[in-house]
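*Asks:* Got a structure here, written out as structure tokens. Questions coming.
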Amino acid sequence: MFCSIYIFILGTIFGSFFYVVGTRLPNNESLLRPRSHCTYCNHFLKWFELIPLFSYLILRGKCLKCNHKLSKEYLLYELFAGVLFFLSYLKFGVSYEFFIALILSSLTILIFITDFKYMLILDSPLLISSLFVIILKYLYYGANEVFFSVLCGVFSFLIMLVIGKIGTILFKKEALGGGDIKFAFVMGLALSQSKFIFNSSILLSVFSGSRITLIALVFSTFLALPYAIASMLLKKDNEVPFGPFLASSTLIVFFFLEKFKYIFFLF
Ligand SMILES: [Zn+2]
């Protein structure tokens, strides 16, 4: 129990960091300078104003100096990360799956921040996540598994690339962002499993090992549909960021892999 509280707190700290990354990097701002400050009066935050969740609640969401209301997004993303880290630990314990869940959770949060705000998925988190997944796969399952997973990643990337191209032709505008297509590589990498291999042909093996990724791709469209319809009805703007739905679908499929496999193998 102590451990899970600790991991929740760790998650909120990471969430706070991701918010800084997700709001500064897209604007080409440095992560280190300027130090965290109030965006209204530029007052630099002291250490007790920087504690995730706690500071926001103690200060009642206001700047200590100018009393301006602070964005609720801080609180939201800190809580979001804390809960996802906590659930990862609860579901998997300390294991290979736990670390993968942490990587996917972190990526999901970052994509939520940057894609909803700026319609953008940053390259660096995709790159760092891929590296971490590769290291984990190597440590737990060895070099062959890494090789196989990278092939599955490339396969997913190519599938999304083709879907994007077809979409662009059909709708006469960019259907999938470059970030979505790059994210498909991480999906294929993280979700692939060589235990599914049932034949010796490399192409069929990759296809077979990528089945879970394909389910996640299909599931993401189900997740995005209500949002797309709502934004169409409300006529906000018809640009729907797809990244958050791709990322949450990947995370949900990873968390409930057994259930998704069961449903999938029925047909
Ligand atoms: Zn202020």
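Letters for chains follow the order of the structure tokens (A, B, ...), residue numbers begin at 1 for each chain, and ligand numbers begin at 1 in the order shown.
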Residues at most 6 Å from ligand 1, using only C-alpha atoms and all ligand atoms? Could they come as a tab-separated table (two decimals) with C-alpha atoms, in the first residue's frame?
*Replies:*
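Dumped everything to selection-v2.tsv:
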chain	number	residue	atom	x	y	z
A	38	CYS	CA	3.07	32.81	-12.90
A	40	TYR	CA	0.30	36.78	-15.37
A	41	CYS	CA	2.75	38.55	-13.06
A	43	HIS	CA	6.40	35.89	-10.10
A	63	CYS	CA	-1.10	32.86	-7.73
A	65	LYS	CA	1.36	37.24	-5.50
A	66	CYS	CA	-1.24	38.52	-7.96
A	68	HIS	CA	-4.85	35.45	-10.60
*Asks:* Quick one: everything within 12 Å of Tyr56 (chain A), counting only C-alpha atoms, minus sequence neighbours fewer than 3 positions away in the same chain. Send it as a VMD selection string.
*Replies:* chain A and resid 16 45 48 to 53 59 to 64 69 to 76 78 to 79
*Asks:* What residues in region 94-222 of chain A get the DSSP label alpha helix (DSSP H)? Please answer as an MDAnalysis selection string.
*Replies:* chainID A and resid 96:118 123:141 143:171 178:191 202:209 211:222
*Asks:* Find the nearest atom pair between each residue of region 54-138 of chain A and region 240-260 of chain A for residues within 7 Å, count only C-alpha atoms, give distances in Å to one decimal, sort rows by chain and ascending number, and present the table as JSON lines.
*Replies:*
{"residue": "A:Leu104", "atom": "CA", "partner": "A:Leu251", "partner_atom": "CA", "distance": 6.1}
{"residue": "A:Ser105", "atom": "CA", "partner": "A:Leu251", "partner_atom": "CA", "distance": 6.8}
{"residue": "A:Thr108", "atom": "CA", "partner": "A:Ala247", "partner_atom": "CA", "distance": 5.1}
{"residue": "A:Ile111", "atom": "CA", "partner": "A:Pro244", "partner_atom": "CA", "distance": 5.8}
{"residue": "A:Phe112", "atom": "CA", "partner": "A:Pro244", "partner_atom": "CA", "distance": 5.1}
{"residue": "A:Asp115", "atom": "CA", "partner": "A:Pro241", "partner_atom": "CA", "distance": 6.0}
{"residue": "A:Phe116", "atom": "CA", "partner": "A:Pro241", "partner_atom": "CA", "distance": 6.3}
{"residue": "A:Met119", "atom": "CA", "partner": "A:Pro241", "partner_atom": "CA", "distance": 5.9}
*Asks:* Using only C-alpha atoms, tabulate the residues of region 87-185 of chain A lying at most 7 Å from any atom of region 20-29 of chain A, each with its closest atom pair and that distance in Å to one decimal, by chain and increasing residue number, as CSV.
*Replies:*
residue,atom,partner,partner_atom,distance
A:Leu110,CA,A:Gly22,CA,5.8
A:Ile113,CA,A:Gly22,CA,5.8
A:Thr114,CA,A:Gly22,CA,5.4
*Asks:* With distances taken over only C-alpha atoms, which of A:Ile13, A:Leu126, A:Leu32, A:Leu204 is nearest to Asp180 (chain A)?
*Replies:* A:Leu126
*Asks:* Just want the 12 Å neighbourhood of Ala190 (chain A), counted on only C-alpha atoms, with same-chain residues fewer than 6 positions away dropped. Output as a ChimeraX atom specification.
*Replies:* /A:96-97,99-104,107,126,129-137,145-146,148-154,156,183-184,209-210,212-213,216,247,250-251,253-254
*Asks:* Tell me, in Å to one decimal, how far CA of Leu10 (chain A) is from CA of Phe85 (chain A).
*Replies:* 7.9 Å
